[in-house]
$ cat my_file-v4.cif   # mmCIF, C-alpha atoms and all ligand atoms
data_run
#
loop_
_atom_site.label_atom_id
_atom_site.label_comp_id
_atom_site.auth_asym_id
_atom_site.auth_seq_id
_atom_site.Cartn_x
_atom_site.Cartn_y
_atom_site.Cartn_z
CA MET A 1 -12.76 -11.15 -7.83
CA THR A 2 -10.38 -10.85 -10.74
CA ASP A 3 -6.99 -12.46 -10.59
CA ARG A 4 -3.91 -10.32 -10.73
CA THR A 5 -1.92 -10.16 -13.90
CA LEU A 6 1.70 -11.24 -14.03
CA PRO A 7 4.56 -9.58 -15.94
CA PHE A 8 5.44 -12.98 -17.42
CA THR A 9 3.55 -15.86 -19.06
CA ARG A 10 3.30 -19.44 -17.87
CA ASP A 11 5.69 -20.53 -20.62
CA GLN A 12 8.21 -17.88 -19.65
CA LEU A 13 8.01 -19.06 -16.05
CA GLU A 14 8.50 -22.66 -17.11
CA ALA A 15 11.58 -21.55 -19.05
CA VAL A 16 13.04 -20.01 -15.87
CA ALA A 17 12.06 -23.10 -13.86
CA ALA A 18 13.92 -25.27 -16.38
CA GLN A 19 17.13 -23.48 -15.33
CA VAL A 20 16.49 -22.61 -11.68
CA PRO A 21 14.97 -25.16 -9.28
CA THR A 22 11.62 -24.24 -7.72
CA PRO A 23 10.87 -22.64 -5.38
CA PHE A 24 12.52 -19.32 -6.22
CA HIS A 25 11.76 -15.63 -5.82
CA LEU A 26 11.41 -13.76 -9.11
CA TYR A 27 11.75 -9.95 -9.10
CA ASP A 28 10.39 -7.73 -11.87
CA GLU A 29 13.02 -5.08 -12.62
CA LYS A 30 10.73 -2.91 -14.73
CA GLY A 31 8.08 -2.85 -12.00
CA ILE A 32 10.68 -1.73 -9.43
CA ARG A 33 12.05 1.00 -11.72
CA ASP A 34 8.67 2.40 -12.80
CA ASN A 35 7.53 2.64 -9.20
CA ALA A 36 10.80 4.26 -8.07
CA ARG A 37 10.39 6.93 -10.75
CA ARG A 38 6.80 7.66 -9.73
CA PHE A 39 7.96 8.03 -6.14
CA ARG A 40 10.82 10.39 -7.01
CA GLU A 41 8.58 12.45 -9.27
CA ALA A 42 5.94 12.83 -6.54
CA PHE A 43 8.49 14.48 -4.26
CA SER A 44 10.44 16.40 -6.91
CA TRP A 45 9.26 19.65 -5.23
CA VAL A 46 11.47 19.00 -2.19
CA PRO A 47 14.13 21.70 -1.80
CA GLY A 48 17.62 20.25 -1.90
CA GLY A 49 16.39 17.07 -3.57
CA PHE A 50 14.27 14.20 -2.33
CA THR A 51 15.87 10.89 -1.42
CA ASN A 52 14.22 7.64 -0.46
CA TYR A 53 16.77 5.60 1.45
CA PHE A 54 15.86 2.03 0.48
CA ALA A 55 15.47 -0.01 3.67
CA VAL A 56 17.91 -2.76 2.79
CA LYS A 57 16.31 -5.29 5.11
CA ALA A 58 13.36 -5.60 2.72
CA LEU A 59 15.45 -7.21 -0.02
CA PRO A 60 19.15 -7.37 0.86
CA ASN A 61 20.55 -8.39 -2.51
CA PRO A 62 23.22 -6.14 -4.08
CA TYR A 63 21.77 -6.56 -7.59
CA ILE A 64 18.52 -5.06 -6.33
CA ILE A 65 20.35 -2.32 -4.42
CA ASP A 66 22.15 -1.45 -7.68
CA ILE A 67 18.78 -1.00 -9.39
CA VAL A 68 17.31 1.29 -6.74
CA LYS A 69 20.59 3.21 -6.53
CA SER A 70 20.45 3.89 -10.27
CA GLU A 71 16.93 5.28 -9.66
CA GLY A 72 18.37 7.79 -7.20
CA MET A 73 17.78 5.99 -3.92
CA GLY A 74 20.15 5.80 -0.99
CA ALA A 75 20.38 2.93 1.49
CA ASP A 76 18.76 2.75 4.92
CA CYS A 77 20.87 0.36 6.99
CA SER A 78 20.40 -0.91 10.51
CA SER A 79 23.26 -3.37 10.90
CA LEU A 80 26.87 -3.96 9.94
CA GLY A 81 25.84 -6.53 7.33
CA GLU A 82 23.53 -4.03 5.68
CA LEU A 83 26.30 -1.40 5.71
CA LEU A 84 28.59 -3.89 3.95
CA LEU A 85 25.97 -4.44 1.25
CA ALA A 86 25.57 -0.68 0.71
CA GLU A 87 29.34 -0.24 0.57
CA ALA A 88 29.68 -3.05 -2.00
CA CYS A 89 27.16 -1.23 -4.20
CA GLY A 90 29.13 2.01 -3.99
CA ILE A 91 26.61 3.71 -1.73
CA THR A 92 28.57 5.72 0.80
CA GLY A 93 28.55 9.04 2.63
CA GLU A 94 25.25 10.75 3.19
CA ASN A 95 23.56 8.38 0.76
CA ILE A 96 23.47 5.98 3.71
CA MET A 97 21.05 6.48 6.57
CA PHE A 98 22.09 4.40 9.56
CA SER A 99 18.84 4.00 11.50
CA SER A 100 19.66 1.32 14.00
CA ASN A 101 18.63 0.58 17.55
CA ASN A 102 20.46 -1.10 20.42
CA THR A 103 23.58 -0.72 18.28
CA PRO A 104 27.04 -2.12 19.08
CA ALA A 105 30.04 0.25 18.95
CA LYS A 106 31.65 -1.42 15.93
CA GLU A 107 28.54 -0.83 13.83
CA PHE A 108 28.59 2.87 14.69
CA GLN A 109 32.31 2.91 13.80
CA LYS A 110 31.65 1.37 10.38
CA ALA A 111 28.78 3.79 9.72
CA PHE A 112 31.04 6.71 10.63
CA GLU A 113 33.89 5.38 8.47
CA LEU A 114 31.49 5.27 5.50
CA GLY A 115 30.35 8.82 6.23
CA ALA A 116 26.76 7.64 6.79
CA ILE A 117 24.14 9.82 8.41
CA ILE A 118 23.88 8.37 11.90
CA ASN A 119 20.38 8.39 13.35
CA LEU A 120 20.45 7.90 17.12
CA ASP A 121 17.73 5.99 18.93
CA ASP A 122 18.30 7.21 22.50
CA LEU A 123 19.66 10.12 24.52
CA SER A 124 22.32 7.90 26.12
CA HIS A 125 23.68 7.03 22.68
CA ILE A 126 25.21 10.48 22.25
CA ASP A 127 27.89 9.67 24.82
CA TYR A 128 28.09 6.05 23.66
CA LEU A 129 28.77 7.19 20.09
CA GLU A 130 31.31 9.77 21.22
CA THR A 131 33.21 7.08 23.12
CA ALA A 132 32.94 4.62 20.21
CA LEU A 133 34.44 7.25 17.89
CA GLY A 134 37.34 7.98 20.21
CA GLY A 135 35.99 11.20 21.72
CA LYS A 136 34.45 12.93 18.72
CA LEU A 137 31.04 13.19 17.10
CA PRO A 138 30.10 13.50 13.41
CA GLU A 139 29.27 17.03 12.24
CA LEU A 140 25.76 15.82 11.28
CA LEU A 141 23.50 13.79 13.57
CA CYS A 142 19.86 12.78 13.47
CA PHE A 143 17.48 11.67 16.23
CA ARG A 144 14.60 9.24 16.06
CA TYR A 145 11.47 10.66 17.65
CA ASN A 146 8.88 8.51 19.43
CA PRO A 147 5.76 10.64 19.95
CA GLY A 148 4.31 8.28 22.57
CA LYS A 149 0.69 9.10 23.28
CA LEU A 150 0.90 12.19 21.03
CA LYS A 151 0.34 9.99 17.98
CA GLU A 152 -1.47 6.74 17.40
CA GLY A 153 0.67 4.06 15.82
CA ASN A 154 -0.87 1.89 13.17
CA VAL A 155 -1.90 -1.71 13.71
CA LEU A 156 1.30 -3.37 12.63
CA ILE A 157 3.76 -1.26 14.57
CA GLY A 158 1.54 -0.88 17.65
CA LYS A 159 1.30 1.95 20.13
CA PRO A 160 4.31 4.30 20.01
CA GLU A 161 4.49 4.37 23.84
CA GLU A 162 5.02 0.61 23.82
CA ALA A 163 7.60 0.63 21.02
CA LYS A 164 11.26 0.23 21.91
CA TYR A 165 12.34 2.94 19.49
CA GLY A 166 13.20 6.59 19.73
CA PHE A 167 13.41 9.61 22.04
CA THR A 168 10.48 11.02 24.02
CA HIS A 169 9.47 14.61 23.43
CA PRO A 170 11.39 16.08 26.42
CA GLN A 171 14.42 13.92 25.59
CA ILE A 172 14.61 15.09 22.02
CA LEU A 173 14.76 18.78 23.01
CA GLU A 174 17.40 17.95 25.59
CA GLY A 175 19.28 15.89 22.98
CA TYR A 176 19.55 18.71 20.45
CA ARG A 177 20.76 21.08 23.19
CA ARG A 178 23.48 18.59 24.10
CA LEU A 179 24.55 18.15 20.49
CA LYS A 180 24.80 21.89 20.07
CA ALA A 181 26.86 22.19 23.24
CA LYS A 182 29.19 19.48 21.92
CA GLY A 183 29.77 21.38 18.69
CA VAL A 184 27.63 19.34 16.29
CA LYS A 185 26.80 21.60 13.34
CA ARG A 186 24.13 19.87 11.27
CA PHE A 187 20.91 18.23 12.40
CA GLY A 188 18.21 15.89 11.19
CA LEU A 189 14.96 14.62 12.68
CA HIS A 190 13.41 11.21 12.06
CA THR A 191 10.41 9.16 13.04
CA MET A 192 8.97 5.80 12.04
CA VAL A 193 5.50 5.25 13.46
CA ALA A 194 3.84 3.11 10.83
CA SER A 195 4.43 -0.11 9.02
CA ASN A 196 2.57 -1.40 5.99
CA GLU A 197 0.18 1.56 6.16
CA LEU A 198 -2.04 2.29 3.15
CA SER A 199 -3.63 5.55 4.34
CA THR A 200 -2.16 8.60 2.63
CA GLU A 201 -3.38 10.89 5.42
CA TYR A 202 -1.46 8.88 8.01
CA PHE A 203 1.80 9.92 6.35
CA VAL A 204 0.63 13.50 5.91
CA GLU A 205 -0.09 13.64 9.66
CA THR A 206 3.37 12.20 10.37
CA ALA A 207 4.93 14.92 8.24
CA ARG A 208 2.85 17.56 10.05
CA MET A 209 4.02 16.24 13.42
CA LEU A 210 7.69 16.39 12.36
CA PHE A 211 7.36 19.82 10.74
CA GLU A 212 5.79 21.17 13.96
CA LEU A 213 8.61 19.64 15.97
CA VAL A 214 11.19 21.26 13.65
CA VAL A 215 9.59 24.62 14.43
CA GLU A 216 9.52 23.88 18.16
CA VAL A 217 13.16 22.73 18.24
CA HIS A 218 14.09 25.94 16.45
CA LYS A 219 12.22 28.07 19.02
CA MET A 220 13.66 26.22 22.00
CA THR A 221 17.26 25.76 20.88
CA GLY A 222 17.86 28.00 17.87
CA ILE A 223 18.73 24.91 15.81
CA ARG A 224 17.78 24.99 12.16
CA MET A 225 17.04 21.45 11.05
CA GLU A 226 18.62 20.39 7.75
CA PHE A 227 16.26 17.51 6.98
CA VAL A 228 13.33 15.52 8.24
CA ASN A 229 13.13 11.81 7.59
CA LEU A 230 9.51 10.63 7.47
CA GLY A 231 10.62 7.02 7.91
CA GLY A 232 9.32 4.08 5.95
CA GLY A 233 6.09 2.20 6.30
CA ILE A 234 4.27 2.89 3.04
CA GLY A 235 2.22 -0.26 2.64
CA VAL A 236 1.76 -2.84 -0.07
CA PRO A 237 -1.77 -3.64 -1.29
CA TYR A 238 -1.49 -7.34 -0.51
CA ARG A 239 -5.21 -8.01 -0.81
CA PRO A 240 -7.04 -7.63 -4.11
CA GLU A 241 -9.42 -5.08 -2.53
CA HIS A 242 -6.53 -2.94 -1.20
CA LYS A 243 -5.52 0.24 -2.98
CA PRO A 244 -1.89 1.34 -3.10
CA VAL A 245 -0.90 4.67 -1.56
CA ASP A 246 -1.35 7.37 -4.21
CA LEU A 247 2.22 8.67 -4.29
CA GLU A 248 1.36 11.75 -6.31
CA LEU A 249 -1.35 12.77 -3.86
CA LEU A 250 0.96 12.03 -0.93
CA GLY A 251 3.67 14.26 -2.42
CA GLN A 252 1.18 17.10 -2.95
CA ARG A 253 -0.31 16.79 0.54
CA VAL A 254 3.12 16.79 2.21
CA GLN A 255 4.05 19.83 0.13
CA GLN A 256 0.88 21.67 1.29
CA THR A 257 1.76 20.87 4.89
CA TYR A 258 5.31 22.10 4.30
CA ARG A 259 3.92 25.39 2.99
CA GLU A 260 1.62 25.72 5.99
CA ILE A 261 4.24 25.07 8.65
CA ILE A 262 7.83 25.29 7.46
CA VAL A 263 7.62 28.25 5.08
CA PRO A 264 5.84 30.70 7.47
CA ALA A 265 8.30 29.77 10.24
CA GLY A 266 11.13 30.91 7.96
CA LEU A 267 12.68 27.40 8.02
CA ASP A 268 12.56 26.79 4.28
CA PRO A 269 14.57 25.16 2.70
CA LEU A 270 14.25 21.93 4.68
CA ARG A 271 15.01 18.65 2.98
CA VAL A 272 12.43 15.90 3.22
CA VAL A 273 13.58 12.30 2.90
CA THR A 274 12.06 8.87 3.53
CA GLU A 275 13.32 5.37 4.17
CA ASN A 276 10.81 3.00 2.62
CA GLY A 277 11.69 -0.57 1.80
CA ARG A 278 8.53 -2.62 1.53
CA MET A 279 6.79 -0.49 -1.10
CA VAL A 280 9.95 -0.31 -3.23
CA THR A 281 10.28 -4.03 -3.92
CA GLY A 282 7.37 -5.82 -2.19
CA PRO A 283 4.82 -5.76 -5.02
CA TYR A 284 7.40 -6.73 -7.64
CA GLY A 285 8.46 -10.07 -6.15
CA TYR A 286 6.84 -13.45 -6.84
CA LEU A 287 7.51 -16.71 -5.05
CA VAL A 288 7.33 -19.36 -7.74
CA SER A 289 6.56 -22.87 -6.58
CA ARG A 290 5.28 -26.19 -7.88
CA VAL A 291 2.42 -28.36 -6.66
CA LEU A 292 3.80 -31.54 -5.09
CA HIS A 293 0.70 -33.14 -3.60
CA LYS A 294 -3.02 -32.81 -3.19
CA LYS A 295 -4.46 -34.23 -0.02
CA SER A 296 -8.08 -34.69 0.99
CA THR A 297 -8.86 -35.32 4.68
CA TYR A 298 -11.00 -33.11 6.91
CA LYS A 299 -10.01 -30.33 4.51
CA GLU A 300 -8.53 -30.05 1.05
CA TYR A 301 -4.79 -29.40 1.01
CA LEU A 302 -2.54 -28.25 -1.75
CA GLY A 303 1.09 -29.06 -0.94
CA LEU A 304 3.75 -26.87 -2.55
CA ASP A 305 7.50 -27.30 -2.78
CA ALA A 306 7.84 -23.88 -1.11
CA SER A 307 7.34 -23.53 2.62
CA MET A 308 7.23 -20.93 5.34
CA ALA A 309 11.04 -21.04 5.26
CA ASN A 310 10.81 -19.22 1.89
CA LEU A 311 8.10 -16.74 2.93
CA MET A 312 7.38 -16.41 6.60
CA ARG A 313 4.74 -13.67 6.56
CA PRO A 314 1.58 -15.80 6.25
CA GLY A 315 2.66 -18.21 9.00
CA MET A 316 4.10 -15.55 11.26
CA TYR A 317 1.55 -12.73 10.97
CA GLY A 318 -1.37 -14.42 9.22
CA ALA A 319 -0.52 -12.07 6.35
CA TYR A 320 -2.48 -12.38 3.12
CA HIS A 321 -0.49 -13.11 -0.05
CA HIS A 322 -2.42 -13.49 -3.27
CA ILE A 323 -2.00 -16.82 -5.08
CA THR A 324 -2.44 -17.44 -8.79
CA VAL A 325 -2.01 -20.42 -11.07
CA PRO A 326 -0.50 -19.19 -14.35
CA GLY A 327 -2.37 -20.48 -17.39
CA LYS A 328 -5.38 -21.60 -15.32
CA GLU A 329 -6.77 -18.18 -14.41
CA LYS A 330 -10.10 -18.93 -16.04
CA GLY A 331 -10.31 -22.59 -15.02
CA PRO A 332 -12.45 -24.18 -12.28
CA ARG A 333 -11.74 -23.02 -8.74
CA LYS A 334 -11.53 -24.87 -5.47
CA ILE A 335 -11.05 -24.03 -1.78
CA TYR A 336 -7.72 -25.14 -0.35
CA ASP A 337 -5.34 -24.78 2.53
CA VAL A 338 -2.10 -24.12 0.65
CA THR A 339 0.75 -25.64 2.63
CA GLY A 340 4.48 -26.13 2.76
CA SER A 341 6.39 -29.11 4.13
CA LEU A 342 7.65 -27.88 7.52
CA CYS A 343 6.67 -29.81 10.64
CA GLU A 344 4.66 -26.82 11.84
CA ASN A 345 0.93 -26.51 11.31
CA ASN A 346 1.23 -22.77 10.68
CA ASP A 347 3.27 -23.56 7.57
CA LYS A 348 0.40 -22.44 5.35
CA PHE A 349 0.41 -19.80 2.63
CA ALA A 350 -3.37 -19.59 2.72
CA ILE A 351 -6.25 -21.07 4.68
CA ASP A 352 -9.65 -21.79 3.10
CA ARG A 353 -8.67 -19.87 -0.02
CA GLU A 354 -10.52 -20.28 -3.29
CA ILE A 355 -7.98 -20.48 -6.10
CA PRO A 356 -7.93 -21.94 -9.61
CA ASP A 357 -7.56 -25.70 -9.15
CA PRO A 358 -4.07 -26.68 -10.30
CA ALA A 359 -2.83 -30.12 -11.31
CA ILE A 360 0.08 -31.79 -9.56
CA GLY A 361 3.23 -30.41 -11.17
CA ASP A 362 1.69 -27.03 -12.07
CA LEU A 363 3.44 -23.81 -11.16
CA VAL A 364 1.80 -21.68 -8.48
CA VAL A 365 2.74 -18.04 -7.90
CA ILE A 366 2.56 -16.37 -4.51
CA HIS A 367 2.44 -12.61 -5.02
CA GLU A 368 4.08 -9.61 -3.31
CA SER A 369 7.03 -11.64 -2.02
CA GLY A 370 9.55 -8.89 -2.83
CA ALA A 371 9.94 -7.54 0.70
CA HIS A 372 10.65 -9.60 3.81
CA GLY A 373 10.32 -12.70 1.66
CA HIS A 374 13.70 -14.26 0.96
CA SER A 375 15.26 -11.95 3.57
CA MET A 376 13.18 -13.51 6.36
CA GLY A 377 13.96 -16.99 5.05
CA PHE A 378 15.35 -19.53 7.45
CA ASN A 379 16.70 -23.06 7.64
CA TYR A 380 14.31 -24.80 10.05
CA ASN A 381 13.85 -28.51 9.31
CA ALA A 382 17.22 -28.30 7.50
CA LYS A 383 15.49 -26.61 4.56
CA LEU A 384 17.68 -24.84 2.02
CA ARG A 385 17.07 -21.23 1.11
CA SER A 386 15.95 -20.65 -2.45
CA ALA A 387 17.46 -18.86 -5.42
CA GLU A 388 16.55 -15.28 -6.35
CA VAL A 389 16.03 -14.36 -9.99
CA LEU A 390 15.70 -10.99 -11.69
CA TRP A 391 13.09 -10.78 -14.46
CA GLN A 392 14.20 -8.35 -17.17
CA GLU A 393 11.30 -8.15 -19.61
CA GLY A 394 11.77 -11.52 -21.26
CA LYS A 395 15.28 -12.25 -20.04
CA PHE A 396 16.22 -13.46 -16.62
CA HIS A 397 19.28 -13.32 -14.45
CA GLN A 398 19.89 -15.45 -11.37
CA ILE A 399 21.05 -13.01 -8.68
CA ARG A 400 21.46 -15.59 -5.94
CA ARG A 401 21.79 -19.32 -6.38
CA ALA A 402 19.89 -21.77 -4.22
CA GLU A 403 21.70 -23.01 -1.14
CA THR A 404 23.30 -26.43 -1.11
CA TYR A 405 23.87 -28.81 1.79
CA ALA A 406 27.49 -27.69 1.71
CA ASP A 407 26.22 -24.16 2.50
CA LEU A 408 23.87 -25.41 5.18
CA PHE A 409 26.50 -27.48 6.97
CA ALA A 410 29.46 -25.18 6.28
CA THR A 411 29.76 -24.14 9.92
CA ILE A 412 29.68 -27.68 11.33
CA ASP A 413 32.89 -29.65 11.34
CA TYR A 414 31.65 -33.23 11.76
CA PRO A 415 33.10 -36.32 10.14
CA GLY A 416 30.65 -38.18 7.96
CA LEU A 417 28.23 -35.25 7.48
CA LYS A 418 27.46 -35.37 3.77
CA LYS A 419 27.78 -31.95 2.23
C1 LIG A 501 11.93 -1.34 8.71
C2 LIG A 501 12.33 0.05 8.76
C3 LIG A 501 12.17 0.87 7.65
C4 LIG A 501 11.49 0.43 6.39
O1 LIG A 501 10.17 0.08 6.60
P1 LIG A 501 9.28 -0.37 5.36
O2 LIG A 501 8.04 -0.89 6.02
O3 LIG A 501 10.04 -1.41 4.65
O4 LIG A 501 9.04 0.82 4.53
C5 LIG A 501 12.63 2.15 7.71
N1 LIG A 501 13.22 2.63 8.81
C6 LIG A 501 13.40 1.87 9.91
C7 LIG A 501 14.09 2.46 11.07
C8 LIG A 501 12.97 0.57 9.92
O5 LIG A 501 13.15 -0.18 11.01
#
$ encode --input "my_file-v4.cif" --output "structure tokens" --more "lines below"
Ligand SMILES: *Cc1c(COP(=O)(O)O)cnc(C)c1O
Amino acid sequence: MTDRTLPFTRDQLEAVAAQVPTPFHLYDEKGIRDNARRFREAFSWVPGGFTNYFAVKALPNPYIIDIVKSEGMGADCSSLGELLLAEACGITGENIMFSSNNTPAKEFQKAFELGAIINLDDLSHIDYLETALGGKLPELLCFRYNPGKLKEGNVLIGKPEEAKYGFTHPQILEGYRRLKAKGVKRFGLHTMVASNELSTEYFVETARMLFELVVEVHKMTGIRMEFVNLGGGIGVPYRPEHKPVDLELLGQRVQQTYREIIVPAGLDPLRVVTENGRMVTGPYGYLVSRVLHKKSTYKEYLGLDASMANLMRPGMYGAYHHITVPGKEKGPRKIYDVTGSLCENNDKFAIDREIPDPAIGDLVVIHESGAHGHSMGFNYNAKLRSAEVLWQEGKFHQIRRAETYADLFATIDYPGLKK
């Protein structure tokens, strides 16, 4: 097994760590941009222009949103906070996809005020939205489809019929009829049935399912769909043996499917959009940490200054994140449980993992932390959330400082609490 390469050297990392306390998340701007361009290129055939709406929840930092915006992406938001981030970055109007569920009225109101494309999750939300907007509906609305038993979900997202999201097949036909009766003029169709999926064909089949539904909706209601949103869910090759989704092949295969289904039905042009987050930033983030302790009991432990509060995925899902020791790639290796300092035994970044054997004080890099890393961070055990740093080919820019105790205790008014 060969170790992964890093876009920075050990000395460069030490130079960042001299300015920013470890642990911190480091994001590689060039990696994000190159990937975004490959993605856009792969779907450049789409009539009316392809857009990936970046799922903000993956990495909700405005400096990152600025980068993906400048690469042509919109924002996929599912909460008021995410809408505020998009707005701050100058993403408004139909460059925002509001794909929420169980949504409060004021979030719909904000989405409408920004001119976002509102993607409804349930039939009953048509009336709810109309009431929230004072008796009117936007001229464009989208529905989220849940195919139920008609399509197998992937492992991470589970069976569609057990997922809380989306309209059933009969409901979606009924929904478009209702919209039409209420005077809505423009229509979109969305689904999201996979998460962290690495099979190209899975996404091609999802596109086929939506294209067929576009044709069916047209037959049943006369509605001509303006766009389909294939959702997010393109996976990250977390394990060394994983292969990334071949974006070029995916683009070609979706185009073939479009030509087979949409063109003969006379429904071309139809825009195709996506709302991926994980694949946009995930592989380009690195959690940088230092070795605090080595402990030898029934097992060998490597104790880092990062914990599950900085990256929850291994503890929460047993997710694999590759670990390297910059500068010691070729050195002797040893099997460790790599741990944090929370009072929870699942606070482990790796279990029985063979890695290069670091010394106390060495930097250790945990890979693919760029999605659901810092954003899933939390304050359990009164831990402070870390800084975020942008790596710009030799230069670096802190895009979020580390929390302080004043931040942590800001909402508690208690005499004598040291902030
Ligand atoms: C989470 C989510 C996404 C993005 O998923 P990724 O796995 O980050 O690509 C897109 N749309 C919806 C509705 C989501 O909930």
$ residues_near_point --input "my_file-v4.cif" --point "(-1.2, -24.2, 9.4)" --cutoff "12 Å" --atoms "all atoms listed in the file" --output "PDB file with C-alpha atoms, in the frame of the given file"
ATOM      1  CA  LYS A 299     -10.010 -30.330   4.510  1.00  0.00           C
ATOM      2  CA  TYR A 301      -4.790 -29.400   1.010  1.00  0.00           C
ATOM      3  CA  LEU A 302      -2.540 -28.250  -1.750  1.00  0.00           C
ATOM      4  CA  GLY A 303       1.090 -29.060  -0.940  1.00  0.00           C
ATOM      5  CA  SER A 307       7.340 -23.530   2.620  1.00  0.00           C
ATOM      6  CA  MET A 308       7.230 -20.930   5.340  1.00  0.00           C
ATOM      7  CA  MET A 312       7.380 -16.410   6.600  1.00  0.00           C
ATOM      8  CA  PRO A 314       1.580 -15.800   6.250  1.00  0.00           C
ATOM      9  CA  GLY A 315       2.660 -18.210   9.000  1.00  0.00           C
ATOM     10  CA  MET A 316       4.100 -15.550  11.260  1.00  0.00           C
ATOM     11  CA  TYR A 317       1.550 -12.730  10.970  1.00  0.00           C
ATOM     12  CA  GLY A 318      -1.370 -14.420   9.220  1.00  0.00           C
ATOM     13  CA  TYR A 336      -7.720 -25.140  -0.350  1.00  0.00           C
ATOM     14  CA  ASP A 337      -5.340 -24.780   2.530  1.00  0.00           C
ATOM     15  CA  VAL A 338      -2.100 -24.120   0.650  1.00  0.00           C
ATOM     16  CA  THR A 339       0.750 -25.640   2.630  1.00  0.00           C
ATOM     17  CA  GLY A 340       4.480 -26.130   2.760  1.00  0.00           C
ATOM     18  CA  SER A 341       6.390 -29.110   4.130  1.00  0.00           C
ATOM     19  CA  LEU A 342       7.650 -27.880   7.520  1.00  0.00           C
ATOM     20  CA  CYS A 343       6.670 -29.810  10.640  1.00  0.00           C
ATOM     21  CA  GLU A 344       4.660 -26.820  11.840  1.00  0.00           C
ATOM     22  CA  ASN A 345       0.930 -26.510  11.310  1.00  0.00           C
ATOM     23  CA  ASN A 346       1.230 -22.770  10.680  1.00  0.00           C
ATOM     24  CA  ASP A 347       3.270 -23.560   7.570  1.00  0.00           C
ATOM     25  CA  LYS A 348       0.400 -22.440   5.350  1.00  0.00           C
ATOM     26  CA  PHE A 349       0.410 -19.800   2.630  1.00  0.00           C
ATOM     27  CA  ALA A 350      -3.370 -19.590   2.720  1.00  0.00           C
ATOM     28  CA  ILE A 351      -6.250 -21.070   4.680  1.00  0.00           C
ATOM     29  CA  ASP A 352      -9.650 -21.790   3.100  1.00  0.00           C
TER      30      ASP A 352
END
$ closest_residue --input "my_file-v4.cif" --among "A:Leu304, A:Leu13, A:Leu83, A:Val263" --to "Ser99 in chain A" --atoms "all atoms listed in the file"
A:Leu83
$ residues_near_point --input "my_file-v4.cif" --point "(17.3, -9.9, 1.6)" --cutoff "8 Å" --atoms "only C-alpha atoms" --output "ChimeraX atom specification"
/A:56-61,371-376
$ closest_residue --input "my_file-v4.cif" --among "A:Gly49, A:Gly266, A:Gly166, A:Gly222" --to "His125 in chain A" --atoms "only C-alpha atoms"
A:Gly166
$ residues_around --input "my_file-v4.cif" --residues "Ile126 in chain A" --least-positions-apart "4" --cutoff "9 Å" --atoms "all atoms listed in the file" --output "PyMOL selection string"
chain A and resi 120+122+130-131+137+175+178-179
$ residues_around --input "my_file-v4.cif" --residues "range 63-77 of chain A" --least-positions-apart "3" --cutoff "6 Å" --atoms "only C-alpha atoms" --output "list in words"
Thr51, Asn52, Tyr53, Phe54, Ala55, Val56, Glu82, Leu83, Asn95, Ile96, Met97 and Phe98 of chain A
$ write_last_selection --input "my_file-v4.cif" --atoms "C-alpha atoms" --output "CSV table (one decimal), in the frame of the given file"
chain,number,residue,atom,x,y,z
A,51,THR,CA,15.9,10.9,-1.4
A,52,ASN,CA,14.2,7.6,-0.5
A,53,TYR,CA,16.8,5.6,1.4
A,54,PHE,CA,15.9,2.0,0.5
A,55,ALA,CA,15.5,0.0,3.7
A,56,VAL,CA,17.9,-2.8,2.8
A,82,GLU,CA,23.5,-4.0,5.7
A,83,LEU,CA,26.3,-1.4,5.7
A,95,ASN,CA,23.6,8.4,0.8
A,96,ILE,CA,23.5,6.0,3.7
A,97,MET,CA,21.0,6.5,6.6
A,98,PHE,CA,22.1,4.4,9.6
$ residues_around --input "my_file-v4.cif" --residues "Ala387 in chain A" --least-positions-apart "4" --cutoff "8 Å" --atoms "all atoms listed in the file" --output "count of residues only"
11
